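Visitor: Pasting in a structure now, in structure tokens, and then I'll have a few things to ask.
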Amino acid sequence: MKHENEAVIRFPSLSSNEAFARSVTAAFAAQMDPTLEELGDLKTAVSEAVTNAIVHAYPDRIGPVVLRLRRLAGNVLEITVKDTGVGIPDVAQARQPMFTTGGAERSGMGLTIMESFMNSLTLRSQPGRGTTVRMRKKLIGRGETACKP
Amino acid sequence: MNFTSLLQEKRLTILLSGDIDHHAAKEIMESVSAKIRVYLPQICELDFSGVTFMDSSGIALVIHALRGMNQLGGTLRLTNVPPQPRKVLLASGIQKLVPLNQERSPA
Ligand SMILES: Nc1ncnc2c1ncn2[C@@H]1O[C@H](COP(=O)(O)OP(=O)(O)OP(=O)(O)O)[C@@H](O)[C@H]1O
Ligand SMILES: [Mg+2]
């Protein structure tokens, strides 16, 4: 799919970067004229993905996280979050609601929320090499301007 | 994150504020649990009116508070939940365990 605009940001897996990732995503999405609810959905999804990289991918070290935002034709926003951490042995199992390896501080709902707040989600992972989650959402937006480049 | 709380007739109200994400959740969770242990309320009300954002870290927080209140034989209530946190809570199905009240219940 041809993309119309793109931003790539790389940051270390510090929990303070969760809020940063949400702000950057909201700022990038602003050009697509999203509704308040759409903006909330995007911030929630990116927060879940980045938190997973911070919490699960690098359980006892700080590692790199790459956030890529792309505006695709048809006012579709694509969010990709990539880490080079521990990886997921069974991605189908990881996507099950309430499945978690995170203990009492996690609820196992992150991937379920990403799936339901976005239109599509692909999860690719290789144990020992890392994980990439890619999500897309078509923004209906607030008005006519949403269709213009 | 500030935690204003008031205790009235065994009803503990905790005002949550700011972003409830993984970065903030641990501190909030510990503070809420400590307040429940200290005040031993019959009703604990988490007031979300000041919450600007919440992700799944908030679900774990609510489950944690629910456990604390169940141990006391008390009730947990969630009040004044703005649209974004509400949508996250509904996606988790937690409203089957804790009703999401629209308004702050009368004292
Ligand atoms: N980037 C990642 N690297 C390694 N493991 C991951 C990654 N993302 C998810 N996982 C695995 O998938 C499981 C499910 O993830 P999900 O986000 O659905 O729930 P959670 O993070 O455990 O809890 P919550 O998101 O509700 O706080 C995690 O517990 C973890 O085992
Ligand atoms: Mg998660």
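Residue numbering restarts at 1 in every chain; chains get A, B, ... in the order shown in the structure tokens, and ligands count up from 1 in that same order.
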Can you tell me which residues sit at most 6 Å away from ligand 2, counting only C-alpha atoms and all ligand atoms, written as a ChimeraX atom specification?

Guide: /A:48,52,110

Visitor: Counting only C-alpha atoms and all ligand atoms, give me one row per residue of chain A with an atom at most 9 Å from an atom of ligand 1, showing the shortest contact pair and its distance in Å to one decimal, sorted by chain then residue number, as a Markdown table.

Guide:
```
| residue | atom | partner | partner_atom_place_in_ligand_line | distance |
| --- | --- | --- | --- | --- |
| A:Glu48 | CA | ligand 1 | 25 (O) | 6.0 |
| A:Ala49 | CA | ligand 1 | 8 (N) | 7.0 |
| A:Val50 | CA | ligand 1 | 1 (N) | 7.8 |
| A:Thr51 | CA | ligand 1 | 21 (O) | 7.3 |
| A:Asn52 | CA | ligand 1 | 8 (N) | 4.5 |
| A:Ala53 | CA | ligand 1 | 1 (N) | 4.0 |
| A:Ile54 | CA | ligand 1 | 1 (N) | 7.5 |
| A:Val55 | CA | ligand 1 | 21 (O) | 7.4 |
| A:His56 | CA | ligand 1 | 4 (C) | 4.5 |
| A:Ala57 | CA | ligand 1 | 3 (N) | 3.6 |
| A:Tyr58 | CA | ligand 1 | 3 (N) | 7.4 |
| A:Pro59 | CA | ligand 1 | 4 (C) | 8.7 |
| A:Val81 | CA | ligand 1 | 1 (N) | 8.4 |
| A:Lys82 | CA | ligand 1 | 1 (N) | 7.5 |
| A:Asp83 | CA | ligand 1 | 1 (N) | 6.4 |
| A:Thr84 | CA | ligand 1 | 3 (N) | 8.4 |
| A:Gly85 | CA | ligand 1 | 3 (N) | 6.2 |
| A:Val86 | CA | ligand 1 | 4 (C) | 5.6 |
| A:Gly87 | CA | ligand 1 | 4 (C) | 4.5 |
| A:Ile88 | CA | ligand 1 | 5 (N) | 4.8 |
| A:Pro89 | CA | ligand 1 | 5 (N) | 8.2 |
| A:Asp90 | CA | ligand 1 | 12 (O) | 8.5 |
| A:Val91 | CA | ligand 1 | 12 (O) | 7.3 |
| A:Gln93 | CA | ligand 1 | 12 (O) | 7.7 |
| A:Ala94 | CA | ligand 1 | 12 (O) | 4.1 |
| A:Arg95 | CA | ligand 1 | 18 (O) | 5.8 |
| A:Gln96 | CA | ligand 1 | 18 (O) | 7.1 |
| A:Pro97 | CA | ligand 1 | 18 (O) | 6.6 |
| A:Met98 | CA | ligand 1 | 19 (O) | 6.8 |
| A:Phe99 | CA | ligand 1 | 14 (C) | 5.5 |
| A:Thr100 | CA | ligand 1 | 29 (O) | 3.3 |
| A:Thr101 | CA | ligand 1 | 29 (O) | 3.9 |
| A:Gly102 | CA | ligand 1 | 22 (O) | 4.9 |
| A:Gly103 | CA | ligand 1 | 22 (O) | 7.6 |
| A:Glu105 | CA | ligand 1 | 27 (O) | 7.0 |
| A:Arg106 | CA | ligand 1 | 27 (O) | 3.8 |
| A:Ser107 | CA | ligand 1 | 26 (O) | 3.7 |
| A:Gly108 | CA | ligand 1 | 19 (O) | 3.2 |
| A:Met109 | CA | ligand 1 | 26 (O) | 3.7 |
| A:Gly110 | CA | ligand 1 | 25 (O) | 3.2 |
| A:Leu111 | CA | ligand 1 | 18 (O) | 3.8 |
| A:Thr112 | CA | ligand 1 | 18 (O) | 5.9 |
| A:Ile113 | CA | ligand 1 | 18 (O) | 7.8 |
| A:Met114 | CA | ligand 1 | 17 (O) | 8.4 |
| A:Leu123 | CA | ligand 1 | 8 (N) | 8.7 |
| A:Ser125 | CA | ligand 1 | 3 (N) | 7.8 |
| A:Pro127 | CA | ligand 1 | 4 (C) | 8.3 |
| A:Gly130 | CA | ligand 1 | 3 (N) | 6.5 |
| A:Thr131 | CA | ligand 1 | 1 (N) | 5.2 |
| A:Thr132 | CA | ligand 1 | 1 (N) | 7.1 |
| A:Val133 | CA | ligand 1 | 1 (N) | 7.8 |
```

Visitor: When DSSP is applied to the backbone of this structure, which of stretch 75-145 of chain A are assigned helix (DSSP H, G or I)? Write them out as a PDB file with N, CA and C atoms, in the first residue's frame.

Guide:
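Result file is result_10.pdb:
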```
ATOM      1  N   VAL A  91       2.281 -17.244  19.515  1.00  0.00           N
ATOM      2  CA  VAL A  91       1.550 -15.982  19.317  1.00  0.00           C
ATOM      3  C   VAL A  91       0.030 -16.170  19.413  1.00  0.00           C
ATOM      4  N   ALA A  92      -0.468 -17.333  18.990  1.00  0.00           N
ATOM      5  CA  ALA A  92      -1.916 -17.581  19.073  1.00  0.00           C
ATOM      6  C   ALA A  92      -2.366 -17.582  20.537  1.00  0.00           C
ATOM      7  N   GLN A  93      -1.561 -18.200  21.376  1.00  0.00           N
ATOM      8  CA  GLN A  93      -1.861 -18.238  22.808  1.00  0.00           C
ATOM      9  C   GLN A  93      -1.794 -16.824  23.411  1.00  0.00           C
ATOM     10  N   ALA A  94      -0.781 -16.054  22.994  1.00  0.00           N
ATOM     11  CA  ALA A  94      -0.609 -14.694  23.523  1.00  0.00           C
ATOM     12  C   ALA A  94      -1.821 -13.826  23.220  1.00  0.00           C
ATOM     13  N   GLY A 103       1.834 -11.830  35.654  1.00  0.00           N
ATOM     14  CA  GLY A 103       1.488 -11.837  37.078  1.00  0.00           C
ATOM     15  C   GLY A 103       0.349 -10.884  37.402  1.00  0.00           C
ATOM     16  N   ALA A 104       0.239 -10.537  38.689  1.00  0.00           N
ATOM     17  CA  ALA A 104      -0.924  -9.795  39.201  1.00  0.00           C
ATOM     18  C   ALA A 104      -1.002  -8.356  38.704  1.00  0.00           C
ATOM     19  N   GLU A 105       0.119  -7.815  38.225  1.00  0.00           N
ATOM     20  CA  GLU A 105       0.082  -6.431  37.766  1.00  0.00           C
ATOM     21  C   GLU A 105      -0.433  -6.297  36.328  1.00  0.00           C
ATOM     22  N   GLY A 110      -4.239  -6.718  26.912  1.00  0.00           N
ATOM     23  CA  GLY A 110      -3.637  -5.747  25.992  1.00  0.00           C
ATOM     24  C   GLY A 110      -3.885  -6.057  24.524  1.00  0.00           C
ATOM     25  N   LEU A 111      -3.551  -7.263  24.106  1.00  0.00           N
ATOM     26  CA  LEU A 111      -3.713  -7.618  22.685  1.00  0.00           C
ATOM     27  C   LEU A 111      -5.193  -7.666  22.292  1.00  0.00           C
ATOM     28  N   THR A 112      -6.044  -8.097  23.222  1.00  0.00           N
ATOM     29  CA  THR A 112      -7.492  -8.113  22.961  1.00  0.00           C
ATOM     30  C   THR A 112      -8.004  -6.687  22.734  1.00  0.00           C
ATOM     31  N   ILE A 113      -7.513  -5.756  23.553  1.00  0.00           N
ATOM     32  CA  ILE A 113      -7.921  -4.352  23.409  1.00  0.00           C
ATOM     33  C   ILE A 113      -7.397  -3.773  22.084  1.00  0.00           C
ATOM     34  N   MET A 114      -6.138  -4.068  21.750  1.00  0.00           N
ATOM     35  CA  MET A 114      -5.590  -3.577  20.465  1.00  0.00           C
ATOM     36  C   MET A 114      -6.445  -4.068  19.302  1.00  0.00           C
ATOM     37  N   GLU A 115      -6.815  -5.352  19.347  1.00  0.00           N
ATOM     38  CA  GLU A 115      -7.631  -5.931  18.268  1.00  0.00           C
ATOM     39  C   GLU A 115      -8.989  -5.267  18.176  1.00  0.00           C
ATOM     40  N   SER A 116      -9.605  -4.996  19.323  1.00  0.00           N
ATOM     41  CA  SER A 116     -10.960  -4.469  19.248  1.00  0.00           C
ATOM     42  C   SER A 116     -10.975  -2.962  18.973  1.00  0.00           C
ATOM     43  N   PHE A 117      -9.899  -2.237  19.305  1.00  0.00           N
ATOM     44  CA  PHE A 117      -9.894  -0.791  19.078  1.00  0.00           C
ATOM     45  C   PHE A 117      -9.371  -0.430  17.681  1.00  0.00           C
ATOM     46  N   GLU A 144     -15.210  16.544   5.906  1.00  0.00           N
ATOM     47  CA  GLU A 144     -14.787  16.399   4.511  1.00  0.00           C
ATOM     48  C   GLU A 144     -13.261  16.331   4.374  1.00  0.00           C
ATOM     49  N   THR A 145     -12.574  17.103   5.221  1.00  0.00           N
ATOM     50  CA  THR A 145     -11.121  17.223   5.104  1.00  0.00           C
ATOM     51  C   THR A 145     -10.429  15.871   5.228  1.00  0.00           C
TER      52      THR A 145
END
```

Visitor: From the list A:Ile62, A:Ser47, A:Thr122, A:Leu77, which residue is nearest B:Ser56 when using only C-alpha atoms?

Guide: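 Selected residue with least distance to B:Ser56: A:Ser47.
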
Visitor: Return the single residue from B:Gly58, B:Gly73, B:Gly68, B:Gly50 that is closest to chain A, with distances computed using only C-alpha atoms.

Guide: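 Once distances to chain A are computed over only C-alpha atoms, the minimum belongs to B:Gly58.
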